[in-house]
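> My structure is in start.cif, and what it holds is mmCIF, C-alpha atoms:
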```
data_structure
loop_
_atom_site.label_atom_id
_atom_site.label_comp_id
_atom_site.auth_asym_id
_atom_site.auth_seq_id
_atom_site.Cartn_x
_atom_site.Cartn_y
_atom_site.Cartn_z
CA MET H 219 67.90 -3.46 0.46
CA LYS H 220 65.68 -6.49 1.03
CA LYS H 221 63.76 -4.63 3.76
CA ILE H 222 63.26 -1.64 1.47
CA PHE H 223 61.96 -3.91 -1.30
CA LEU H 224 59.50 -5.64 1.04
CA LEU H 225 58.30 -2.29 2.38
CA ALA H 226 57.74 -0.99 -1.14
CA LEU H 227 55.90 -4.18 -2.13
CA THR H 228 53.66 -3.95 0.93
CA THR H 229 52.85 -0.33 0.13
CA ILE H 230 51.94 -1.19 -3.47
CA ILE H 231 49.71 -4.09 -2.40
CA THR H 232 47.96 -1.98 0.26
CA PHE H 233 47.40 0.86 -2.22
CA SER H 234 46.07 -1.56 -4.85
CA CYS H 235 43.66 -3.16 -2.36
CA LYS H 236 42.33 0.22 -1.25
CA ASN H 237 41.80 1.25 -4.88
CA ALA H 238 40.00 -2.01 -5.57
CA GLU H 239 37.78 -1.51 -2.53
CA LYS H 240 37.06 2.07 -3.55
CA LYS H 241 36.21 0.98 -7.10
CA GLN H 242 33.93 -1.76 -5.81
CA THR H 243 32.13 0.67 -3.48
CA THR H 244 31.68 3.15 -6.34
CA GLU H 245 30.31 0.42 -8.58
CA GLU H 246 27.88 -0.69 -5.85
CA LYS H 247 26.60 2.86 -5.49
CA THR H 248 25.99 3.22 -9.21
CA VAL H 249 24.07 -0.05 -9.64
CA GLU H 250 20.75 0.90 -11.17
CA LYS H 251 17.54 -0.38 -9.61
CA PRO H 252 15.05 -2.06 -11.95
CA GLN H 253 12.45 0.05 -13.71
CA VAL H 254 9.13 0.05 -11.85
CA LYS H 255 5.92 1.49 -13.28
CA LEU H 256 2.98 2.62 -11.16
CA HIS H 257 -0.65 3.06 -12.21
CA VAL H 258 -3.47 4.51 -10.10
CA LEU H 259 -6.96 3.28 -11.00
CA ASP H 260 -10.44 4.37 -9.97
CA GLY H 261 -12.04 2.07 -7.40
CA GLY H 262 -15.16 4.21 -6.93
CA SER H 263 -16.40 7.10 -4.83
CA ILE H 264 -17.57 7.32 -1.22
CA LEU H 265 -19.62 10.18 0.16
CA VAL H 266 -19.29 10.04 3.94
CA ASN H 267 -22.58 11.42 5.24
CA LYS H 268 -21.64 11.01 8.91
CA LEU H 269 -18.02 12.08 9.19
CA GLU H 270 -18.11 11.71 12.98
CA VAL H 271 -17.32 8.00 12.60
CA PHE H 272 -13.79 9.07 11.66
CA SER H 273 -13.09 10.46 15.12
CA GLN H 274 -12.97 9.17 18.69
CA ASP H 275 -15.08 12.16 19.78
CA THR H 276 -17.56 14.66 18.33
CA THR H 277 -15.01 16.53 16.22
CA TYR H 278 -16.77 15.97 12.90
CA THR H 279 -20.39 15.74 14.08
CA GLY H 280 -22.76 17.07 11.46
CA GLN H 281 -20.09 17.11 8.75
CA SER H 282 -19.81 15.15 5.51
CA LYS H 283 -16.89 14.61 3.14
CA GLN H 284 -16.28 13.21 -0.32
CA PHE H 285 -13.76 10.36 -0.46
CA SER H 286 -12.15 8.79 -3.48
CA ASP H 287 -11.46 5.08 -3.66
CA ALA H 288 -8.42 3.83 -5.56
CA TYR H 289 -6.40 0.74 -6.30
CA TYR H 290 -2.92 0.52 -7.75
CA VAL H 291 -0.93 -1.56 -10.22
CA ILE H 292 2.83 -1.86 -9.85
CA SER H 293 4.73 -3.36 -12.79
CA HIS H 294 8.16 -4.75 -11.91
CA PRO H 295 10.50 -6.81 -14.11
CA LYS H 296 9.86 -9.75 -11.77
CA GLY H 297 6.07 -9.47 -12.02
CA ASN H 298 2.99 -7.32 -11.54
CA LEU H 299 1.43 -6.50 -8.18
CA MET H 300 -2.02 -5.09 -7.41
CA TRP H 301 -2.53 -3.07 -4.23
CA ASP H 302 -6.14 -2.97 -2.97
CA ALA H 303 -9.31 -3.66 -4.93
CA GLY H 304 -11.72 -0.73 -4.69
CA LEU H 305 -15.45 -1.02 -4.07
CA PRO H 306 -17.49 -4.07 -5.09
CA GLU H 307 -18.41 -4.18 -8.76
CA ALA H 308 -22.07 -4.61 -7.76
CA LEU H 309 -21.94 -0.84 -7.15
CA ILE H 310 -21.39 -0.14 -10.86
CA THR H 311 -24.85 1.39 -11.24
CA ASP H 312 -26.45 4.56 -12.61
CA GLU H 313 -27.48 5.70 -9.15
CA PRO H 314 -25.28 5.88 -6.01
CA PHE H 315 -26.22 3.48 -3.21
CA THR H 316 -26.65 4.60 0.40
CA GLU H 317 -26.10 1.69 2.77
CA PRO H 318 -28.66 1.03 5.56
CA SER H 319 -26.92 2.99 8.33
CA GLY H 320 -26.85 6.09 6.13
CA THR H 321 -23.16 6.64 6.85
CA PHE H 322 -21.88 6.02 3.30
CA THR H 323 -23.19 6.70 -0.19
CA LEU H 324 -21.26 4.54 -2.64
CA GLN H 325 -20.75 4.17 -6.38
CA ARG H 326 -18.27 2.53 -8.71
CA LYS H 327 -17.94 3.67 -12.32
CA ASP H 328 -16.01 0.91 -14.09
CA SER H 329 -14.96 -2.72 -13.85
CA LEU H 330 -11.55 -4.17 -13.14
CA LYS H 331 -11.49 -5.81 -16.58
CA ASN H 332 -12.07 -2.54 -18.43
CA GLN H 333 -9.56 -0.56 -16.40
CA LEU H 334 -6.85 -3.18 -16.75
CA LYS H 335 -7.46 -3.26 -20.50
CA SER H 336 -6.70 0.48 -20.60
CA ILE H 337 -3.15 -0.24 -19.37
CA GLY H 338 -2.64 -3.38 -21.45
CA LEU H 339 -3.16 -5.97 -18.71
CA THR H 340 -5.61 -8.70 -17.76
CA VAL H 341 -6.46 -10.18 -14.39
CA ASP H 342 -4.20 -13.15 -15.15
CA ASP H 343 -1.11 -10.95 -15.50
CA PHE H 344 -0.54 -10.56 -11.74
CA LYS H 345 2.04 -12.38 -9.68
CA TYR H 346 1.06 -10.72 -6.40
CA PHE H 347 -2.03 -9.24 -4.81
CA VAL H 348 -1.93 -7.22 -1.59
CA LEU H 349 -4.65 -5.58 0.50
CA SER H 350 -3.80 -2.70 2.77
CA HIS H 351 -6.55 -4.24 4.93
CA PRO H 352 -9.75 -6.24 4.36
CA HIS H 353 -12.49 -3.57 4.67
CA PHE H 354 -15.25 -3.62 2.03
CA ASP H 355 -13.97 -0.53 0.19
CA HIS H 356 -10.60 -2.20 -0.41
CA THR H 357 -11.68 -5.77 -1.27
CA GLY H 358 -14.22 -5.05 -4.04
CA HIS H 359 -12.76 -7.21 -6.81
CA ALA H 360 -10.32 -9.18 -4.67
CA ASN H 361 -11.65 -12.61 -5.64
CA TYR H 362 -10.83 -11.96 -9.30
CA LEU H 363 -7.14 -12.08 -8.29
CA LYS H 364 -7.41 -15.75 -7.29
CA ASN H 365 -4.50 -16.80 -9.52
CA ALA H 366 -2.10 -14.32 -7.91
CA THR H 367 -0.25 -14.90 -4.64
CA TRP H 368 -1.95 -13.00 -1.84
CA LEU H 369 0.64 -11.42 0.46
CA VAL H 370 -1.03 -10.92 3.84
CA GLN H 371 0.06 -10.40 7.43
CA GLU H 372 -0.36 -13.71 9.24
CA ASN H 373 -2.33 -12.14 12.10
CA GLU H 374 -4.73 -10.47 9.61
CA TYR H 375 -5.26 -13.71 7.74
CA ASN H 376 -5.99 -15.64 10.93
CA PHE H 377 -8.31 -12.88 12.18
CA ILE H 378 -10.60 -12.92 9.14
CA THR H 379 -10.54 -16.62 8.23
CA ASN H 380 -11.04 -18.35 11.57
CA ASP H 381 -14.33 -20.22 12.08
CA SER H 382 -15.73 -17.56 14.41
CA ALA H 383 -14.98 -14.74 11.95
CA LYS H 384 -16.70 -16.61 9.12
CA VAL H 385 -19.90 -16.58 11.18
CA LYS H 386 -19.65 -13.09 12.72
CA ASP H 387 -18.38 -11.30 9.62
CA PRO H 388 -19.24 -13.43 6.57
CA ASP H 389 -19.06 -10.48 4.16
CA THR H 390 -15.37 -9.92 4.87
CA TYR H 391 -14.57 -13.61 4.53
CA ASN H 392 -16.61 -13.95 1.34
CA SER H 393 -14.78 -11.00 -0.21
CA ILE H 394 -11.47 -12.92 -0.11
CA LYS H 395 -12.52 -16.57 0.01
CA GLU H 396 -11.34 -17.32 -3.56
CA LEU H 397 -7.77 -16.30 -2.72
CA LYS H 398 -6.18 -19.69 -2.17
CA ASN H 399 -2.55 -18.88 -3.08
CA VAL H 400 -1.55 -17.32 0.22
CA GLU H 401 1.85 -16.19 1.44
CA LYS H 402 1.67 -15.12 5.07
CA ILE H 403 4.15 -12.47 6.15
CA ASN H 404 5.06 -10.97 9.50
CA GLY H 405 6.05 -7.31 9.57
CA ASP H 406 7.68 -5.33 6.75
CA HIS H 407 8.21 -7.23 3.50
CA ASP H 408 10.45 -6.37 0.52
CA VAL H 409 8.32 -7.85 -2.26
CA PHE H 410 10.93 -8.17 -5.02
CA GLY H 411 14.05 -8.14 -2.82
CA ASP H 412 15.52 -4.93 -4.23
CA GLY H 413 13.93 -2.21 -2.08
CA THR H 414 11.67 -0.84 -4.84
CA VAL H 415 8.36 -2.18 -3.53
CA VAL H 416 8.12 -2.63 0.24
CA ILE H 417 5.09 -3.51 2.34
CA LYS H 418 5.20 -1.57 5.62
CA TYR H 419 3.43 -3.13 8.60
CA MET H 420 1.28 -0.39 10.20
CA PRO H 421 -1.27 -2.08 12.49
CA GLY H 422 -4.08 -0.32 14.31
CA HIS H 423 -6.76 0.40 11.74
CA THR H 424 -7.02 -3.38 11.52
CA ILE H 425 -4.86 -5.98 13.25
CA GLY H 426 -2.65 -6.41 10.18
CA HIS H 427 -3.00 -3.08 8.40
CA GLN H 428 -0.27 -2.18 5.87
CA ALA H 429 1.12 0.75 3.88
CA LEU H 430 3.15 0.50 0.66
CA TYR H 431 6.46 2.10 -0.39
CA ILE H 432 7.20 2.32 -4.14
CA GLU H 433 10.20 3.58 -6.07
CA ALA H 434 8.72 4.20 -9.52
CA GLY H 435 11.35 6.43 -11.13
CA LEU H 436 9.67 9.64 -9.99
CA GLU H 437 11.39 12.57 -8.30
CA LYS H 438 10.36 11.10 -4.97
CA PRO H 439 9.33 7.59 -3.92
CA ILE H 440 5.61 7.10 -3.29
CA LEU H 441 4.23 6.05 0.09
CA LEU H 442 0.61 4.86 0.07
CA THR H 443 -1.14 5.22 3.40
CA GLY H 444 -3.71 2.46 3.21
CA ASP H 445 -6.25 3.70 5.76
CA LEU H 446 -3.73 4.88 8.33
CA TYR H 447 -5.12 8.30 7.37
CA HIS H 448 -8.40 8.92 5.52
CA PHE H 449 -8.10 12.63 4.74
CA GLU H 450 -5.70 15.51 5.24
CA GLU H 451 -7.04 16.61 8.65
CA ASN H 452 -6.63 13.04 9.92
CA ARG H 453 -2.94 13.28 9.20
CA GLU H 454 -2.53 16.75 10.67
CA THR H 455 -4.36 16.01 13.93
CA LYS H 456 -3.55 12.27 14.15
CA GLY H 457 -7.27 11.56 14.30
CA VAL H 458 -8.29 7.94 14.84
CA PRO H 459 -11.63 6.60 13.52
CA SER H 460 -14.11 5.21 16.02
CA PHE H 461 -14.04 1.79 14.33
CA ASN H 462 -10.26 1.21 14.41
CA TYR H 463 -9.07 -2.07 15.85
CA ASP H 464 -6.61 -0.47 18.31
CA VAL H 465 -6.16 3.26 19.02
CA GLU H 466 -2.71 3.03 20.62
CA GLN H 467 -1.39 0.81 17.84
CA THR H 468 -2.74 3.30 15.31
CA LEU H 469 -0.94 6.22 16.96
CA GLU H 470 2.29 4.23 17.16
CA SER H 471 1.99 3.32 13.48
CA MET H 472 1.48 6.99 12.63
CA LYS H 473 4.78 7.81 14.35
CA LYS H 474 6.55 5.02 12.47
CA PHE H 475 4.98 6.06 9.19
CA GLU H 476 5.99 9.72 9.51
CA ALA H 477 9.56 8.81 10.50
CA PHE H 478 9.86 6.49 7.50
CA ALA H 479 8.34 9.08 5.13
CA LYS H 480 10.88 11.64 6.35
CA GLU H 481 13.79 9.19 6.08
CA LYS H 482 12.91 8.35 2.48
CA ASN H 483 11.74 11.88 1.53
CA ALA H 484 8.63 10.15 0.20
CA GLU H 485 5.54 11.62 -1.45
CA VAL H 486 2.72 10.56 0.87
CA ILE H 487 -0.52 9.64 -0.91
CA ILE H 488 -3.65 9.42 1.26
CA GLN H 489 -5.63 6.79 -0.57
CA HIS H 490 -9.11 8.20 0.14
CA SER H 491 -8.14 11.80 -0.67
CA PRO H 492 -9.55 13.07 -4.01
CA LYS H 493 -6.81 15.70 -3.94
CA ASP H 494 -4.07 13.07 -3.61
CA PHE H 495 -5.72 10.89 -6.25
CA LYS H 496 -5.38 13.74 -8.75
CA LYS H 497 -1.90 14.62 -7.49
CA LEU H 498 -0.65 11.09 -8.11
CA GLN H 499 -2.26 11.01 -11.56
CA ASN H 500 -0.39 14.22 -12.44
CA LEU H 501 2.91 12.92 -11.05
CA LEU H 502 2.61 9.79 -13.17
CA LYS H 503 2.04 11.81 -16.33
CA LYS H 504 5.43 13.52 -16.05
#
```
Since I need it in another form, could you write the structure as structure tokens?

Amino acid sequence: MKKIFLLALTTIITFSCKNAEKKQTTEEKTVEKPQVKLHVLDGGSILVNKLEVFSQDTTYTGQSKQFSDAYYVISHPKGNLMWDAGLPEALITDEPFTEPSGTFTLQRKDSLKNQLKSIGLTVDDFKYFVLSHPHFDHTGHANYLKNATWLVQENEYNFITNDSAKVKDPDTYNSIKELKNVEKINGDHDVFGDGTVVIKYMPGHTIGHQALYIEAGLEKPILLTGDLYHFEENRETKGVPSFNYDVEQTLESMKKFEAFAKEKNAEVIIQHSPKDFKKLQNLLKK
């Protein structure tokens, strides 16, 4: 009788433990992630007059293409983050500006202050600032974010702030020199620790180039390319611009990016694509 009682007790305890584990697992699966809001803002326009610079060969010789330029605001319960910074505000003029090489014709329509006002924010409302990379069409108003914490790959930071770089490429350094609150990262980085906003390390375009994954309550998560791709054909053919830091790294990052996009079933947004700019605007209206 005693053996039967012990056996029955063991069975009850085992059953209860399994039920508790099952309940816990179910509860873990149903934990809601925090609400994240995404805004896409206009950082200007770029007419590429010499599209051949976006290839390693003569593929686009004689062609031109209109690019958009965008930056993004991500509002999370733990703070706001700005991704990229558009073209310099000096380009807010009545007439587009063609730079000396003739490769790009540039114009910006509105200031950071005005655009942030349209979504109820000011420049002081940001906890984090992140650049996909430090090229001039992504750093336009970067120095205005001096009170935010700049999240940057350590190798990128060292590359653009060393003494030699300050002399050889003063424009790049000057575009970020006011950013004193720096948090150096190495590789992928979960910004808020809950998987909703994740910096993805995708080197090649520059030494510390990054993409951004965002879960903003849409049907699909959003995956911003940075400049891993510049337009749709770039993505289809895996074309690499002539000015990229490292071709092989770029191609490897493209493989990583596509695998991650597939894994997450993400909506890929090519940041310089006017088509994707409008697509994201429409997605955010729903």
> Rounded to one decimal in Å, what is the spacing between atom CA of Asp408 of chain H and atom CA of Phe478 of chain H?
14.6 Å
> Which residue, H:Gly262, H:Gly457, H:Gly304, H:Gly280, has the smallest gap to Thr323 of chain H when you use only C-alpha atoms?
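Of all the options, H:Gly262 lies closest to Thr323 of chain H.
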> Rounded to one decimal in Å, what is the spacing between atom CA of Gly426 of chain H and atom CA of His407 of chain H?
12.8 Å
> Written as a list in words, which residues does the PyMOL selection byres ((chain H and resi 382-389) around 12) give for the file shown?
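This file, filtered by the PyMOL selection byres ((chain H and resi 382-389) around 12), leaves Pro306, Pro352, His353, Phe354, Asp355, Thr357, Gly358, Glu374, Tyr375, Asn376, Phe377, Ile378, Thr379, Asn380, Asp381, Thr390, Tyr391, Asn392, Ser393, Ile394 and Lys395 of chain H.
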> Starting from 6 Å padding per side, set up an axis-aligned box that covers all listed atoms of segment 497-503 of chain H and hand over centre and edge lengths in Å, one decimal, as JSON.

```
{"center_x": 0.3, "center_y": 12.2, "center_z": -11.9, "size_x": 17.2, "size_y": 16.8, "size_z": 20.8}
```
> Measuring atom to atom with only C-alpha atoms, identify which of H:Ser263, H:Ser329, H:Asn500, H:Ser293 is nearest to Pro314 of chain H.
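Ranked by minimum distance to Pro314 of chain H, first place goes to H:Ser263.
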> Would you translate the PyMOL selection byres ((chain H and resi 406) around 7) into the concrete set of residues it matches in this file, as a PyMOL selection string?
chain H and resi 404-405+407-408+417-419
> With all atoms listed in the file as the basis for distance, which of H:Leu502, H:Leu305, H:Leu369, H:Leu269 is at the shortest distance from Ile403 of chain H?
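Looking only at the distances to Ile403 of chain H, the closest residue turns out to be H:Leu369.
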> What does the distance from atom CA of Lys504 of chain H to atom CA of Pro439 of chain H come to in Å, to one decimal?
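Computing the Euclidean distance for atom CA of Lys504 of chain H and atom CA of Pro439 of chain H yields 14.1 Å.
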> Would you pick out the contacts of Gly413 of chain H at 9 Å or less, using all atoms listed in the file, so that residues sharing its chain but fewer than 3 positions from it are not included, and give the list as a CSV table (one decimal) with C-alpha atoms, in the frame of the given file?

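To be explicit, this is the file written out as result-v7.csv:
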```csv
chain,number,residue,atom,x,y,z
H,251,LYS,CA,17.5,-0.4,-9.6
H,408,ASP,CA,10.4,-6.4,0.5
H,409,VAL,CA,8.3,-7.8,-2.3
H,410,PHE,CA,10.9,-8.2,-5.0
H,416,VAL,CA,8.1,-2.6,0.2
H,431,TYR,CA,6.5,2.1,-0.4
H,432,ILE,CA,7.2,2.3,-4.1
H,433,GLU,CA,10.2,3.6,-6.1
```
> Which one is closest to Gln284 of chain H: H:Asn267, H:Asn298, H:Ser471, H:Gln489? Count only C-alpha atoms.
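Of H:Asn267, H:Asn298, H:Ser471, H:Gln489, the one nearest Gln284 of chain H, counting only C-alpha atoms, is H:Asn267.
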> Taking the file as shown, what set of residues would the PyMOL selection byres ((chain H and resi 309) around 8) give back, as a ChimeraX atom specification?
/H:305-308,310-311,314-315,324-327
> Using all atoms listed in the file, which residue out of H:Glu313, H:Leu397, H:Thr424, H:Val348 lies closest to Asn373 of chain H?
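Going through H:Glu313, H:Leu397, H:Thr424, H:Val348 one by one, the smallest distance to Asn373 of chain H is for H:Thr424.
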